[in-house]
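J.: Submitted below is the structure of interest, expressed as structure tokens.
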Amino acid sequence: MSDATRTRPHDVFADGPSVPANADSTRVSWWLIDAWLMAARNLRRIQRTPELLMYAVVQPVMFILLFAYVFGGAIDVGSSDYKQFLMPGIFVMMVLFSSVSATTVTLAEDMQRGIIDRFRSMPMTQSSVLVGRTASEVVRTGITVAIMIVMGLLIGFRFHGGAAYALLGIALLLLFGYAFSWLGSVLGLTAPSVEAAQSAGTFWLFPFAFVSSAFVPTQSMPGWLQVYADHSPVTVTVNALRDCFMRGTFDSDGAQSLLWSVGILVVFAPLATVLYKRRSA
Amino acid sequence: MTAIQTERRPQLAPASLSRASFAITWRNLIHIKRQPEMLLDVTVQSVMFVLLFAYVFGGAINVPGGGDYKEFLLPGIMVQTMIFSSATVAIGLTNDLQKGIVDRFKSLPISRSSVLVGRSISSLIHASIGIVVMGATGLLVGWRIREGVVDAVIAIALLLLFGFAMIWLGIWVGSMMRTVESVQGLMFTVMFPLTFVANTFVPSQTMPDWLQPVAEWNPVSALTQACRELWGNGPAATTSDAWPLQHPVLMSVVWSIALAAIFAPLALAAFRRRSRD
């Protein structure tokens, strides 16, 4: 029976949105409901295992305090205050770590435990598993960003570009995280074990996040490294956030960041879907 | 009917502590052979840290006295690796306790403390691999030992002594916690501030006034300063008036003995309690 014509009993949605019994619905609406339920299931894990949220809280706070107070006095960023320079970099780095690592590991865990096999036996659209997973990561990342903003304000960081640009910057940041959570999905689906997924989800992230303008100006790097750092997606996103938060502008860096996010989505979302179908076949 | 001859089982003499410890050390090292990814933290990660800090942060961090940041950095990263060995031992021990392997050891004619001795020796070897890898990477990026062989060996001995003291902290945590995940979380929360709020990566003089005393009296700072002095790296004399940084070699020994004296009894008691459960 095709997705478009099937009907589902009302009790499937016991803890989801209310849908009339035996209602014929389009493929898209079923897919949206399934994705919503999968996202809710993933978010419920935070409720069940609060240490997941604890990790999302402790790590950013620690990084902010470390870089602001330990490295802040030693790193020369010219005329600007290091805390103002630092916070956009920390935002991007923590969003990257949160999006990629969490998606990679939890997806690999679900594959290993056979939960994905259970989903296959249910009357649901299979692609909604990945959509729900990545959507829940946006929510989790949003919580992390909120905590970082509060922490930043406490140590002296301020949004000088106005509320509209602050929100635009945060939206750009969440889109960047969402795009990379699809890359995390690809890594999680190709990892042979949870341990391998942990390595795959973190090892490359360190150089990827650090070789950028996140913590130090790229001009202070050796010439050969500066070439890469200046064109890194992390650098353009960090610079775009600095423009939004400090100057209230959205120029070429913002456009490049948007292009990177869309490009990563266009490449990795279909790839993850294909891999998922192959792995769960 | 002929009587059945009963053969007496030979008496199993308990293995000496040294033999049993060696066997368990060997068993832990075989794990590395079976799972080479266990070496990632002291190989790939160590190289990554050296290169990241040397090239990404190196140009932006000013060393007092105008020294080369790579020279200043390497002793700090080596100390950090030694400290992280306590996390390795904690995770390994919790894993063994969780899987019931320690219960199997209890059924063998070996001293129970040999499990801990073996675990600590294998962790020191594991951390030493990291020191060698980082030393080689350091030489490639321009770090050099500028003092004599004796001083260089003393610095390595101090690193191993401090690593041994920190391993007892790892054994204590590993015996107290129930899951590998909780051990990782706790060790990350403890180790990160311990290694960073020190003069490992940046001079303590550049920190805010309220943080400077914390960094200067941190045992990690004394050990890092001792290695810098013994290897001839970084500024010859620290501009800090703090006593531990004026007498770093002595303080490194004192801190190592003090930490071992505190955590060894705690670790042994926790391990006995846990392996009795």
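Order determines the names: the first chain of the structure tokens is A, the second B, and so forth; residues in each chain are numbered 1 upward, and ligands are numbered 1 upward as they are shown.
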Please determine the contact residues of chain A with respect to chain B at a cut-off of 9 Å, counting only C-alpha atoms, and supply them as a PDB file with all heavy atoms, in the first residue's frame.
T.:
```
ATOM      1  N   GLU A  51      22.245  13.773  31.864  1.00  0.00           N
ATOM      2  CA  GLU A  51      23.680  14.020  31.670  1.00  0.00           C
ATOM      3  C   GLU A  51      24.004  14.460  30.243  1.00  0.00           C
ATOM      4  O   GLU A  51      25.018  15.112  30.006  1.00  0.00           O
ATOM      5  CB  GLU A  51      24.541  12.816  32.072  1.00  0.00           C
ATOM      6  CG  GLU A  51      24.283  11.522  31.364  1.00  0.00           C
ATOM      7  CD  GLU A  51      23.336  10.606  32.133  1.00  0.00           C
ATOM      8  OE1 GLU A  51      22.485  11.110  32.882  1.00  0.00           O
ATOM      9  OE2 GLU A  51      23.439   9.384  31.961  1.00  0.00           O
ATOM     10  N   TYR A  55      26.186  17.722  29.713  1.00  0.00           N
ATOM     11  CA  TYR A  55      27.360  17.812  28.843  1.00  0.00           C
ATOM     12  C   TYR A  55      27.230  19.020  27.919  1.00  0.00           C
ATOM     13  O   TYR A  55      28.192  19.739  27.678  1.00  0.00           O
ATOM     14  CB  TYR A  55      27.487  16.520  28.035  1.00  0.00           C
ATOM     15  CG  TYR A  55      28.795  16.371  27.302  1.00  0.00           C
ATOM     16  CD1 TYR A  55      29.981  16.200  28.006  1.00  0.00           C
ATOM     17  CD2 TYR A  55      28.856  16.399  25.914  1.00  0.00           C
ATOM     18  CE1 TYR A  55      31.190  16.058  27.344  1.00  0.00           C
ATOM     19  CE2 TYR A  55      30.058  16.255  25.242  1.00  0.00           C
ATOM     20  CZ  TYR A  55      31.220  16.083  25.964  1.00  0.00           C
ATOM     21  OH  TYR A  55      32.414  15.948  25.309  1.00  0.00           O
ATOM     22  N   VAL A  58      27.895  22.068  30.478  1.00  0.00           N
ATOM     23  CA  VAL A  58      29.224  22.189  31.093  1.00  0.00           C
ATOM     24  C   VAL A  58      30.302  22.527  30.067  1.00  0.00           C
ATOM     25  O   VAL A  58      31.119  23.419  30.293  1.00  0.00           O
ATOM     26  CB  VAL A  58      29.596  20.899  31.870  1.00  0.00           C
ATOM     27  CG1 VAL A  58      31.042  20.936  32.341  1.00  0.00           C
ATOM     28  CG2 VAL A  58      28.671  20.716  33.057  1.00  0.00           C
ATOM     29  N   GLN A  59      30.286  21.828  28.937  1.00  0.00           N
ATOM     30  CA  GLN A  59      31.349  22.025  27.943  1.00  0.00           C
ATOM     31  C   GLN A  59      31.412  23.464  27.411  1.00  0.00           C
ATOM     32  O   GLN A  59      32.484  24.071  27.439  1.00  0.00           O
ATOM     33  CB  GLN A  59      31.189  21.021  26.802  1.00  0.00           C
ATOM     34  CG  GLN A  59      32.498  20.759  26.090  1.00  0.00           C
ATOM     35  CD  GLN A  59      32.368  19.730  24.983  1.00  0.00           C
ATOM     36  OE1 GLN A  59      31.287  19.275  24.659  1.00  0.00           O
ATOM     37  NE2 GLN A  59      33.473  19.364  24.382  1.00  0.00           N
ATOM     38  N   MET A  62      32.639  25.866  30.157  1.00  0.00           N
ATOM     39  CA  MET A  62      34.061  25.674  30.422  1.00  0.00           C
ATOM     40  C   MET A  62      34.929  26.313  29.336  1.00  0.00           C
ATOM     41  O   MET A  62      35.916  26.982  29.627  1.00  0.00           O
ATOM     42  CB  MET A  62      34.350  24.177  30.529  1.00  0.00           C
ATOM     43  CG  MET A  62      35.501  23.862  31.444  1.00  0.00           C
ATOM     44  SD  MET A  62      35.769  22.107  31.554  1.00  0.00           S
ATOM     45  CE  MET A  62      34.617  21.651  32.785  1.00  0.00           C
ATOM     46  N   LEU A  66      37.492  29.339  29.957  1.00  0.00           N
ATOM     47  CA  LEU A  66      38.900  29.057  29.654  1.00  0.00           C
ATOM     48  C   LEU A  66      39.479  30.066  28.680  1.00  0.00           C
ATOM     49  O   LEU A  66      40.529  30.656  28.939  1.00  0.00           O
ATOM     50  CB  LEU A  66      39.047  27.654  29.053  1.00  0.00           C
ATOM     51  CG  LEU A  66      39.232  26.497  30.012  1.00  0.00           C
ATOM     52  CD1 LEU A  66      39.288  25.196  29.253  1.00  0.00           C
ATOM     53  CD2 LEU A  66      40.499  26.657  30.824  1.00  0.00           C
ATOM     54  N   TYR A  69      39.311  33.909  30.083  1.00  0.00           N
ATOM     55  CA  TYR A  69      40.182  34.293  31.189  1.00  0.00           C
ATOM     56  C   TYR A  69      41.595  33.717  31.123  1.00  0.00           C
ATOM     57  O   TYR A  69      42.539  34.362  31.559  1.00  0.00           O
ATOM     58  CB  TYR A  69      39.521  33.936  32.526  1.00  0.00           C
ATOM     59  CG  TYR A  69      38.274  34.749  32.766  1.00  0.00           C
ATOM     60  CD1 TYR A  69      37.017  34.154  32.793  1.00  0.00           C
ATOM     61  CD2 TYR A  69      38.346  36.128  32.926  1.00  0.00           C
ATOM     62  CE1 TYR A  69      35.867  34.908  32.990  1.00  0.00           C
ATOM     63  CE2 TYR A  69      37.199  36.891  33.118  1.00  0.00           C
ATOM     64  CZ  TYR A  69      35.966  36.275  33.149  1.00  0.00           C
ATOM     65  OH  TYR A  69      34.838  37.032  33.331  1.00  0.00           O
ATOM     66  N   VAL A  70      41.743  32.501  30.601  1.00  0.00           N
ATOM     67  CA  VAL A  70      43.077  31.892  30.553  1.00  0.00           C
ATOM     68  C   VAL A  70      43.842  32.381  29.323  1.00  0.00           C
ATOM     69  O   VAL A  70      44.979  32.823  29.427  1.00  0.00           O
ATOM     70  CB  VAL A  70      42.988  30.347  30.582  1.00  0.00           C
ATOM     71  CG1 VAL A  70      44.367  29.719  30.429  1.00  0.00           C
ATOM     72  CG2 VAL A  70      42.348  29.879  31.885  1.00  0.00           C
ATOM     73  N   PHE A  71      43.206  32.316  28.152  1.00  0.00           N
ATOM     74  CA  PHE A  71      43.889  32.712  26.918  1.00  0.00           C
ATOM     75  C   PHE A  71      43.700  34.190  26.584  1.00  0.00           C
ATOM     76  O   PHE A  71      44.500  34.761  25.850  1.00  0.00           O
ATOM     77  CB  PHE A  71      43.397  31.863  25.739  1.00  0.00           C
ATOM     78  CG  PHE A  71      43.875  30.445  25.781  1.00  0.00           C
ATOM     79  CD1 PHE A  71      43.157  29.472  26.459  1.00  0.00           C
ATOM     80  CD2 PHE A  71      45.047  30.070  25.167  1.00  0.00           C
ATOM     81  CE1 PHE A  71      43.596  28.160  26.511  1.00  0.00           C
ATOM     82  CE2 PHE A  71      45.502  28.765  25.213  1.00  0.00           C
ATOM     83  CZ  PHE A  71      44.773  27.805  25.887  1.00  0.00           C
ATOM     84  N   GLY A  72      42.623  34.769  27.105  1.00  0.00           N
ATOM     85  CA  GLY A  72      42.263  36.147  26.746  1.00  0.00           C
ATOM     86  C   GLY A  72      43.371  37.164  26.885  1.00  0.00           C
ATOM     87  O   GLY A  72      43.580  37.996  25.999  1.00  0.00           O
ATOM     88  N   GLY A  73      44.113  37.096  27.985  1.00  0.00           N
ATOM     89  CA  GLY A  73      45.175  38.077  28.225  1.00  0.00           C
ATOM     90  C   GLY A  73      46.413  37.849  27.392  1.00  0.00           C
ATOM     91  O   GLY A  73      47.246  38.749  27.238  1.00  0.00           O
ATOM     92  N   ALA A  74      46.556  36.642  26.845  1.00  0.00           N
ATOM     93  CA  ALA A  74      47.776  36.305  26.103  1.00  0.00           C
ATOM     94  C   ALA A  74      47.611  36.446  24.596  1.00  0.00           C
ATOM     95  O   ALA A  74      48.597  36.579  23.876  1.00  0.00           O
ATOM     96  CB  ALA A  74      48.197  34.877  26.437  1.00  0.00           C
ATOM     97  N   ILE A  75      46.361  36.392  24.114  1.00  0.00           N
ATOM     98  CA  ILE A  75      46.129  36.441  22.665  1.00  0.00           C
ATOM     99  C   ILE A  75      45.914  37.885  22.218  1.00  0.00           C
ATOM    100  O   ILE A  75      45.071  38.595  22.757  1.00  0.00           O
ATOM    101  CB  ILE A  75      44.935  35.541  22.263  1.00  0.00           C
ATOM    102  CG1 ILE A  75      45.294  34.064  22.517  1.00  0.00           C
ATOM    103  CG2 ILE A  75      44.561  35.739  20.798  1.00  0.00           C
ATOM    104  CD1 ILE A  75      44.165  33.088  22.305  1.00  0.00           C
ATOM    105  N   ASP A  76      46.680  38.272  21.221  1.00  0.00           N
ATOM    106  CA  ASP A  76      46.616  39.637  20.708  1.00  0.00           C
ATOM    107  C   ASP A  76      45.644  39.692  19.527  1.00  0.00           C
ATOM    108  O   ASP A  76      45.887  39.080  18.489  1.00  0.00           O
ATOM    109  CB  ASP A  76      48.028  40.069  20.275  1.00  0.00           C
ATOM    110  CG  ASP A  76      48.069  41.488  19.740  1.00  0.00           C
ATOM    111  OD1 ASP A  76      47.162  42.269  20.084  1.00  0.00           O
ATOM    112  OD2 ASP A  76      49.003  41.809  18.974  1.00  0.00           O
ATOM    113  N   VAL A  77      44.530  40.425  19.702  1.00  0.00           N
ATOM    114  CA  VAL A  77      43.552  40.558  18.606  1.00  0.00           C
ATOM    115  C   VAL A  77      43.428  42.015  18.153  1.00  0.00           C
ATOM    116  O   VAL A  77      42.409  42.423  17.603  1.00  0.00           O
ATOM    117  CB  VAL A  77      42.156  39.998  18.998  1.00  0.00           C
ATOM    118  CG1 VAL A  77      42.193  38.500  19.125  1.00  0.00           C
ATOM    119  CG2 VAL A  77      41.616  40.641  20.264  1.00  0.00           C
ATOM    120  N   ALA A 196      33.840   3.788  17.031  1.00  0.00           N
ATOM    121  CA  ALA A 196      34.370   4.372  15.787  1.00  0.00           C
ATOM    122  C   ALA A 196      33.636   5.664  15.456  1.00  0.00           C
ATOM    123  O   ALA A 196      34.234   6.629  14.976  1.00  0.00           O
ATOM    124  CB  ALA A 196      34.227   3.381  14.641  1.00  0.00           C
ATOM    125  N   SER A 199      35.045   8.562  17.481  1.00  0.00           N
ATOM    126  CA  SER A 199      36.292   9.071  16.893  1.00  0.00           C
ATOM    127  C   SER A 199      36.002   9.861  15.627  1.00  0.00           C
ATOM    128  O   SER A 199      36.511  10.963  15.444  1.00  0.00           O
ATOM    129  CB  SER A 199      37.241   7.918  16.564  1.00  0.00           C
ATOM    130  OG  SER A 199      37.598   7.248  17.740  1.00  0.00           O
ATOM    131  N   PHE A 203      37.475  13.711  15.949  1.00  0.00           N
ATOM    132  CA  PHE A 203      38.882  13.933  15.600  1.00  0.00           C
ATOM    133  C   PHE A 203      39.094  15.020  14.553  1.00  0.00           C
ATOM    134  O   PHE A 203      39.916  15.904  14.730  1.00  0.00           O
ATOM    135  CB  PHE A 203      39.562  12.632  15.161  1.00  0.00           C
ATOM    136  CG  PHE A 203      40.256  11.940  16.294  1.00  0.00           C
ATOM    137  CD1 PHE A 203      39.978  10.628  16.601  1.00  0.00           C
ATOM    138  CD2 PHE A 203      41.175  12.615  17.076  1.00  0.00           C
ATOM    139  CE1 PHE A 203      40.602   9.996  17.674  1.00  0.00           C
ATOM    140  CE2 PHE A 203      41.804  12.001  18.143  1.00  0.00           C
ATOM    141  CZ  PHE A 203      41.516  10.692  18.441  1.00  0.00           C
ATOM    142  N   PHE A 206      38.339  19.026  15.604  1.00  0.00           N
ATOM    143  CA  PHE A 206      39.289  19.902  16.299  1.00  0.00           C
ATOM    144  C   PHE A 206      40.067  20.781  15.322  1.00  0.00           C
ATOM    145  O   PHE A 206      39.992  22.008  15.412  1.00  0.00           O
ATOM    146  CB  PHE A 206      40.228  19.094  17.198  1.00  0.00           C
ATOM    147  CG  PHE A 206      39.843  19.160  18.646  1.00  0.00           C
ATOM    148  CD1 PHE A 206      39.070  18.169  19.217  1.00  0.00           C
ATOM    149  CD2 PHE A 206      40.231  20.232  19.425  1.00  0.00           C
ATOM    150  CE1 PHE A 206      38.687  18.237  20.553  1.00  0.00           C
ATOM    151  CE2 PHE A 206      39.860  20.316  20.760  1.00  0.00           C
ATOM    152  CZ  PHE A 206      39.091  19.316  21.324  1.00  0.00           C
ATOM    153  N   PRO A 207      40.800  20.186  14.369  1.00  0.00           N
ATOM    154  CA  PRO A 207      41.505  21.067  13.422  1.00  0.00           C
ATOM    155  C   PRO A 207      40.548  21.894  12.572  1.00  0.00           C
ATOM    156  O   PRO A 207      40.824  23.051  12.274  1.00  0.00           O
ATOM    157  CB  PRO A 207      42.319  20.102  12.558  1.00  0.00           C
ATOM    158  CG  PRO A 207      41.797  18.753  12.829  1.00  0.00           C
ATOM    159  CD  PRO A 207      41.139  18.774  14.153  1.00  0.00           C
ATOM    160  N   PHE A 210      39.405  24.801  14.845  1.00  0.00           N
ATOM    161  CA  PHE A 210      40.461  25.676  15.353  1.00  0.00           C
ATOM    162  C   PHE A 210      41.234  26.402  14.257  1.00  0.00           C
ATOM    163  O   PHE A 210      41.693  27.516  14.472  1.00  0.00           O
ATOM    164  CB  PHE A 210      41.429  24.890  16.243  1.00  0.00           C
ATOM    165  CG  PHE A 210      40.953  24.739  17.657  1.00  0.00           C
ATOM    166  CD1 PHE A 210      40.158  23.666  18.034  1.00  0.00           C
ATOM    167  CD2 PHE A 210      41.286  25.664  18.623  1.00  0.00           C
ATOM    168  CE1 PHE A 210      39.706  23.522  19.336  1.00  0.00           C
ATOM    169  CE2 PHE A 210      40.842  25.535  19.930  1.00  0.00           C
ATOM    170  CZ  PHE A 210      40.046  24.462  20.286  1.00  0.00           C
ATOM    171  N   VAL A 211      41.415  25.737  13.104  1.00  0.00           N
ATOM    172  CA  VAL A 211      42.149  26.406  12.012  1.00  0.00           C
ATOM    173  C   VAL A 211      41.170  27.347  11.303  1.00  0.00           C
ATOM    174  O   VAL A 211      40.686  27.091  10.206  1.00  0.00           O
ATOM    175  CB  VAL A 211      42.793  25.392  11.041  1.00  0.00           C
ATOM    176  CG1 VAL A 211      43.615  26.117   9.982  1.00  0.00           C
ATOM    177  CG2 VAL A 211      43.676  24.419  11.800  1.00  0.00           C
ATOM    178  N   SER A 212      40.880  28.434  11.988  1.00  0.00           N
ATOM    179  CA  SER A 212      39.901  29.414  11.515  1.00  0.00           C
ATOM    180  C   SER A 212      40.100  30.693  12.324  1.00  0.00           C
ATOM    181  O   SER A 212      40.993  30.766  13.162  1.00  0.00           O
ATOM    182  CB  SER A 212      38.482  28.881  11.750  1.00  0.00           C
ATOM    183  OG  SER A 212      38.209  28.824  13.138  1.00  0.00           O
ATOM    184  N   PHE A 215      39.269  31.741  17.214  1.00  0.00           N
ATOM    185  CA  PHE A 215      39.941  32.110  18.464  1.00  0.00           C
ATOM    186  C   PHE A 215      41.081  33.098  18.298  1.00  0.00           C
ATOM    187  O   PHE A 215      41.425  33.806  19.229  1.00  0.00           O
ATOM    188  CB  PHE A 215      40.457  30.852  19.175  1.00  0.00           C
ATOM    189  CG  PHE A 215      39.365  29.876  19.474  1.00  0.00           C
ATOM    190  CD1 PHE A 215      39.207  28.729  18.722  1.00  0.00           C
ATOM    191  CD2 PHE A 215      38.461  30.124  20.486  1.00  0.00           C
ATOM    192  CE1 PHE A 215      38.178  27.840  18.977  1.00  0.00           C
ATOM    193  CE2 PHE A 215      37.424  29.243  20.749  1.00  0.00           C
ATOM    194  CZ  PHE A 215      37.281  28.098  19.998  1.00  0.00           C
ATOM    195  N   VAL A 216      41.693  33.085  17.120  1.00  0.00           N
ATOM    196  CA  VAL A 216      42.794  34.025  16.852  1.00  0.00           C
ATOM    197  C   VAL A 216      42.612  34.612  15.454  1.00  0.00           C
ATOM    198  O   VAL A 216      42.039  33.956  14.582  1.00  0.00           O
ATOM    199  CB  VAL A 216      44.190  33.339  16.952  1.00  0.00           C
ATOM    200  CG1 VAL A 216      44.491  32.890  18.361  1.00  0.00           C
ATOM    201  CG2 VAL A 216      44.314  32.172  15.990  1.00  0.00           C
ATOM    202  N   PRO A 217      43.102  35.831  15.216  1.00  0.00           N
ATOM    203  CA  PRO A 217      43.007  36.383  13.858  1.00  0.00           C
ATOM    204  C   PRO A 217      43.854  35.543  12.900  1.00  0.00           C
ATOM    205  O   PRO A 217      44.950  35.112  13.267  1.00  0.00           O
ATOM    206  CB  PRO A 217      43.592  37.794  13.999  1.00  0.00           C
ATOM    207  CG  PRO A 217      43.701  38.056  15.465  1.00  0.00           C
ATOM    208  CD  PRO A 217      43.799  36.737  16.142  1.00  0.00           C
ATOM    209  N   THR A 218      43.347  35.299  11.715  1.00  0.00           N
ATOM    210  CA  THR A 218      44.078  34.440  10.766  1.00  0.00           C
ATOM    211  C   THR A 218      45.415  35.055  10.349  1.00  0.00           C
ATOM    212  O   THR A 218      46.320  34.338   9.937  1.00  0.00           O
ATOM    213  CB  THR A 218      43.226  34.138   9.513  1.00  0.00           C
ATOM    214  OG1 THR A 218      42.834  35.382   8.929  1.00  0.00           O
ATOM    215  CG2 THR A 218      42.004  33.316   9.845  1.00  0.00           C
ATOM    216  N   GLN A 219      45.546  36.381  10.486  1.00  0.00           N
ATOM    217  CA  GLN A 219      46.808  37.050  10.109  1.00  0.00           C
ATOM    218  C   GLN A 219      47.986  36.572  10.954  1.00  0.00           C
ATOM    219  O   GLN A 219      49.134  36.679  10.532  1.00  0.00           O
ATOM    220  CB  GLN A 219      46.712  38.580  10.269  1.00  0.00           C
ATOM    221  CG  GLN A 219      45.608  39.244   9.487  1.00  0.00           C
ATOM    222  CD  GLN A 219      44.320  39.331  10.280  1.00  0.00           C
ATOM    223  OE1 GLN A 219      43.563  38.365  10.321  1.00  0.00           O
ATOM    224  NE2 GLN A 219      44.061  40.479  10.903  1.00  0.00           N
ATOM    225  N   SER A 220      47.692  36.056  12.155  1.00  0.00           N
ATOM    226  CA  SER A 220      48.780  35.609  13.040  1.00  0.00           C
ATOM    227  C   SER A 220      49.278  34.206  12.687  1.00  0.00           C
ATOM    228  O   SER A 220      50.247  33.725  13.253  1.00  0.00           O
ATOM    229  CB  SER A 220      48.320  35.638  14.499  1.00  0.00           C
ATOM    230  OG  SER A 220      47.305  34.674  14.710  1.00  0.00           O
ATOM    231  N   MET A 221      48.605  33.543  11.739  1.00  0.00           N
ATOM    232  CA  MET A 221      48.993  32.175  11.349  1.00  0.00           C
ATOM    233  C   MET A 221      50.056  32.214  10.252  1.00  0.00           C
ATOM    234  O   MET A 221      50.155  33.208   9.534  1.00  0.00           O
ATOM    235  CB  MET A 221      47.769  31.403  10.844  1.00  0.00           C
ATOM    236  CG  MET A 221      46.709  31.177  11.891  1.00  0.00           C
ATOM    237  SD  MET A 221      45.256  30.362  11.184  1.00  0.00           S
ATOM    238  CE  MET A 221      44.053  30.675  12.462  1.00  0.00           C
ATOM    239  N   PRO A 222      50.819  31.114  10.103  1.00  0.00           N
ATOM    240  CA  PRO A 222      51.789  31.066   8.997  1.00  0.00           C
ATOM    241  C   PRO A 222      51.063  31.192   7.652  1.00  0.00           C
ATOM    242  O   PRO A 222      49.900  30.776   7.537  1.00  0.00           O
ATOM    243  CB  PRO A 222      52.427  29.676   9.134  1.00  0.00           C
ATOM    244  CG  PRO A 222      52.062  29.190  10.486  1.00  0.00           C
ATOM    245  CD  PRO A 222      50.817  29.882  10.898  1.00  0.00           C
ATOM    246  N   LEU A 225      49.065  28.304   6.147  1.00  0.00           N
ATOM    247  CA  LEU A 225      47.866  27.924   6.904  1.00  0.00           C
ATOM    248  C   LEU A 225      46.777  28.988   6.764  1.00  0.00           C
ATOM    249  O   LEU A 225      45.586  28.673   6.774  1.00  0.00           O
ATOM    250  CB  LEU A 225      48.237  27.739   8.383  1.00  0.00           C
ATOM    251  CG  LEU A 225      47.252  26.984   9.269  1.00  0.00           C
ATOM    252  CD1 LEU A 225      47.027  25.566   8.769  1.00  0.00           C
ATOM    253  CD2 LEU A 225      47.757  26.935  10.708  1.00  0.00           C
TER     254      LEU A 225
END
```
J.: Please identify which residues in segment 184-214 of chain A DSSP calls helix (DSSP H, G or I) from the backbone, and express them as a PyMOL selection string.
T.: chain A and resi 184-190+194-202+205-210
J.: Tell me which protein, DNA and RNA residues are within 12 Å of Ile170 of chain A, counting only C-alpha atoms, leaving out same-chain ones fewer than 2 positions away, and put them as an MDAnalysis selection string.
T.: chainID A and resid 88 91:92 95 138 141:146 148:149 159 163:168 172:177 237:238 240:242 244:245 254
J.: Produce a file of the selected residues containing C-alpha atoms, as a tab-separated table (two decimals), in the first residue's frame.
T.:
```tsv
chain	number	residue	atom	x	y	z
A	88	PRO	CA	31.08	34.27	17.90
A	91	PHE	CA	29.20	29.85	19.30
A	92	VAL	CA	30.25	28.30	15.99
A	95	VAL	CA	27.34	24.33	17.59
A	138	VAL	CA	18.56	21.98	16.13
A	141	THR	CA	21.78	23.20	19.74
A	142	GLY	CA	19.34	26.04	20.41
A	143	ILE	CA	19.47	25.22	24.13
A	144	THR	CA	23.29	25.24	24.00
A	145	VAL	CA	23.29	28.60	22.17
A	146	ALA	CA	20.91	30.09	24.76
A	148	MET	CA	26.24	30.40	25.78
A	149	ILE	CA	24.50	33.75	25.24
A	159	PHE	CA	25.20	42.52	20.95
A	163	ALA	CA	18.14	42.78	18.07
A	164	ALA	CA	17.26	42.10	14.41
A	165	TYR	CA	20.85	41.37	13.45
A	166	ALA	CA	21.36	39.34	16.62
A	167	LEU	CA	18.43	37.11	15.62
A	168	LEU	CA	19.71	36.93	12.03
A	172	LEU	CA	22.58	31.67	10.47
A	173	LEU	CA	24.31	29.77	13.28
A	174	LEU	CA	21.46	27.27	13.68
A	175	LEU	CA	21.32	26.71	9.90
A	176	PHE	CA	25.07	26.04	9.92
A	177	GLY	CA	24.60	23.53	12.75
A	237	THR	CA	30.49	31.89	9.55
A	238	VAL	CA	32.40	33.32	12.53
A	240	ALA	CA	29.44	36.72	9.54
A	241	LEU	CA	28.38	36.44	13.20
A	242	ARG	CA	30.87	39.15	14.18
A	244	CYS	CA	25.82	40.70	12.73
A	245	PHE	CA	26.53	40.94	16.46
A	254	GLY	CA	27.11	36.17	5.58
```
J.: How far is it from atom CA of Ala200 of chain A to atom CA of Trp260 of chain A, in Å with one decimal?
T.: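 Between atom CA of Ala200 of chain A and atom CA of Trp260 of chain A the gap works out to 21.1 Å.
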J.: Please indicate the distance in Å from atom CA of Gly92 of chain B to atom CA of Asn28 of chain B, rounded to one decimal place.
T.: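 That distance, rounded to one decimal, is 8.8 Å.
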J.: Interatomic distance between atom CA of Leu139 of chain B and atom CA of Leu161 of chain B?
T.: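 Atom-to-atom, atom CA of Leu139 of chain B and atom CA of Leu161 of chain B are spaced 23.7 Å apart.
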J.: Just want the 12 Å neighbourhood of Ser85 of chain B, counted on only C-alpha atoms, with same-chain residues fewer than 5 positions away dropped. Output as a VMD selection string.
T.: chain B and resid 39 41 to 42 78 to 80 90 to 92 119 to 131 159 to 160 162 to 171 187 191
